[in-house]
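Enquirer: The structure follows.
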Amino acid sequence: MKYSAAHSFYWSIVCSSLGFASIFLLSEHFSNSQIGLVLALANIFAVLLQPAVAAFADRTRKISMKNLIVVLTGAAGALAAARSFLSGSFFILAVLLTLESAVLYTLQPLVNSLGMQFINKGIGINFGLARGMGSISYAVLSVLLGILVDSFGTGLLPVISTGLYLALGIVIYTFTKERSADTESDTACPENMETSEPKKADAHPFSFFMQNKKFAALMIAVSLTFCSHTMINNYLIQITENVGGTAKEMGIATGIAAAIELPAMVLFGFLVKKIRCSSILKFSLVFFTVKAALTMLAADVRTLYAAQIFQFGSYALFIPASVYYVNEIIRKEDLAKGQAFMTSAITLGGVAASLLGGLLLDLSGVRGMIFAGLIATALGLIIGFYGIEKVEVKECQSEEASSSSVS
């Protein structure tokens with residue numbers, strides 16, 4: 001229940017701070033290109049922060065994963081609170097949202113790694129259900145925010161984010177201290193215990209990727225795929241208005257995509273015991289391409305809603321599959337780093353999406369932007385099929401992942 005609550009609050013913050021960032025900045029008189037620059041800078045900082053923070057998390061014995069998450073949550077919450085009081089200050093607002101978003105992106109692999117720590121220690125965490133609760137929370141909040149923003153304006157967005165950061169920090173702080181588990185024998189999967197002495201985590205990214213060459217190719221594929229996916233998410237208000245909708249319809253469209261993630265992520269616990277995790281990952285890349293194509297073809301709001309339904313087979317399956325895939329192919333001592341590189345690849349796609357999306361919107365309109373994203377997704381599909389290795393999910397992890405008991 002606690003881990004599900006952590007995902008619920010985290011993804012609610014993503015909704016209010018990032019999902020509605022474009023609407024918030026438009027209300028503060030930012031142009032499309034300026035919005036793209038802010039979001040791109042946030043992603044760039046996150047790409048730098050994520051591996052560094054994850055490497056620290058892999059190496060340190062002085063601060064627990066739980067406490068690291070609490071500290072970063074507090075920092076991001078302070079930045080969101082500052083946004084509440086400094087609305088109207090163009091430069092300061094851009095800096096605050098950039099830094100807040102970078103920290104928020106950096107929290108994602110740490111929250112994922114925290115769940116994998118519990119699973120690897122034999123604690124029954126249903127990761128798919130927990131992540132799915134995050135999605136349903138995102139869905140509900142996106143619909144509510146669409147209505148509230150239409151009625152009361154965008155000033156409430158940073159206030160809501162601040163309250164959610166506080167809730168997330170409290171939930172994470174109440175977790176049982178996992179440090180005692182770190183010092184015990186790993187009972188979850190004996191295969192992981194290759195030696196009595198733990199290997200040191202690779203400190204340099206080059207060394208890491210030399211040992212995981214196909215994983216490096218997969219990172220390129222993920223970045224290309226999420227370039228398109230993030231374009232659609234970042235500029236969904238422009239896409240919605242292009243087919244005759246408003247902020248209310250954008251909230252509904254976002255809600256449809258997020259709500260449909262819950263059954264997919266819950267189903268993942270069953271699928272991963274029947275189908276290779278690597279196969280599920282390939283399947284999701286196909287659906288990313290289909291969703292991008294349907295979004296480009298959308299001529300009205302209903303068709304846009306229909307395109308959002310394909311979130312079921314794309315993002316909703318990709319996220320848990322990617323977390324488990326990293327947990328399978330990356331050495332235990334590099335797991336936090338592996339999760340961070342996966343998230344960094346997603347974030348790097350966000351950099352391209354933010355910069356190119358805003359520029360393409362101003363130069364060639366909504367259709368031109370989505371078409372460029374479709375090309376990127378298709379390339380990601382091809383490279384991804386090369387980079388994904390055939391792996392089996394360890395039986396003990398599959399069973400624990402689908403267990404109904406939680407921390």
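Naming works like this for the structure tokens: A, B, ... for the chains as they're shown, residue 1 at the start of each chain, ligands 1 onward in shown order.
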Taking 4 positions as the minimum chain separation for residues in the same chain, which residues sit within 10 Å of Ala40 in chain A when counting only C-alpha atoms? Answer as an NGL selection string.

Expert: :A and (34-36 or 44-46 or 98 or 102 or 347-358)

Enquirer: With the cut-off set at 10 Å and counting only C-alpha atoms, tabulate each residue of range 260-355 of chain A with an atom at most that distance from an atom of range 138-157 of chain A, showing the nearest atom pair and its distance in Å to one decimal, ordered by chain and increasing number, as a Markdown table.

Expert:
```
| residue | atom | partner | partner_atom | distance |
| --- | --- | --- | --- | --- |
| A:Ile260 | CA | A:Ala139 | CA | 8.6 |
| A:Glu261 | CA | A:Ala139 | CA | 9.1 |
| A:Leu262 | CA | A:Ala139 | CA | 9.7 |
```

Enquirer: Of the residues A:Gln308, A:Gln50, A:Lys291, A:Ile375, which is the one nearest to Val103 in chain A, using only C-alpha atoms?

Expert: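 Nearest to Val103 in chain A: A:Gln50.
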
Enquirer: Would you please work out which residue, of A:Ala75, A:Ile329, A:Gly19, A:Phe287, is nearest to Lys213 in chain A when using only C-alpha atoms?

Expert: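 Closest to Lys213 in chain A, using only C-alpha atoms: A:Ile329.
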
Enquirer: Gly74 in chain A: which residues within 12 Å, counting only C-alpha atoms, same-chain residues fewer than 4 positions away excluded, as a list in words?

Expert: Asn67, Leu68, Ile69, Val70, Ala78, Leu79, Ala80, Ala81, Glu100, Val103, Leu104, Leu107, Ser161, Thr162, Gly163, Leu164, Tyr165, Leu166, Ala167, Leu168, Gly169, Ile170, Ile172 and Tyr173 of chain A

Enquirer: May I have the residues within 8 Å of Arg131 in chain A as a VMD selection string, using only C-alpha atoms and disregarding those fewer than 2 positions away in the same chain?

Expert: chain A and resid 4 7 to 8 127 to 129 133 to 135 262 265 320

Enquirer: So that I can check the secondary structure, give me every residue of range 83-295 of chain A assigned helix (DSSP H, G or I) by backbone DSSP, as number ranges by chain.

Expert: A: 83-85, 90-120, 127-152, 156-173, 179-182, 190-192, 205-211, 213-234, 236-242, 247-259, 261-274, 277-295

Enquirer: For Ile232 in chain A, which of A:Ile136, A:Ala293, A:Val38, A:Ala316 is the closest residue, counting only C-alpha atoms?

Expert: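 Between A:Ile136, A:Ala293, A:Val38, A:Ala316, the residue approaching Ile232 in chain A most closely is A:Ala293.
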
Enquirer: So that each row is one residue of range 218-257 of chain A with an atom at most 12 Å from range 383-392 of chain A, can you give its shortest atom pair and the distance in Å to one decimal, using only C-alpha atoms, rows by chain and rising number, as a tab-separated table?

Expert:
```
residue	atom	partner	partner_atom	distance
A:Leu218	CA	A:Gly387	CA	4.6
A:Met219	CA	A:Gly384	CA	8.3
A:Ile220	CA	A:Ile383	CA	7.5
A:Ala221	CA	A:Gly384	CA	5.0
A:Val222	CA	A:Gly384	CA	7.3
A:Ser223	CA	A:Gly384	CA	10.2
A:Leu224	CA	A:Ile383	CA	9.3
A:Thr225	CA	A:Gly384	CA	9.1
```

Enquirer: Between CA of Leu361 in chain A and CA of Phe318 in chain A, what is the distance in Å, rounded to a tenth?

Expert: 27.4 Å

Enquirer: Give the answer as one residue: which of A:Ala216, A:Ala258, A:Val326, A:Ala299 has the shortest atom-to-atom distance to Gly244 in chain A, using only C-alpha atoms?

Expert: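 Smallest separation from Gly244 in chain A among the options: A:Ala299.
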
Enquirer: Out of A:Leu360, A:Val171, A:Val290, A:Leu96, which residue has the shortest atom-to-atom distance to Tyr235 in chain A when counting only C-alpha atoms?

Expert: A:Leu360

Enquirer: Determine the nearest neighbour of Ala378 in chain A from the options A:Cys227, A:Leu39, A:Cys15, A:Leu236, counting only C-alpha atoms.

Expert: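 Comparing A:Cys227, A:Leu39, A:Cys15, A:Leu236 against Ala378 in chain A, the winner is A:Cys227.
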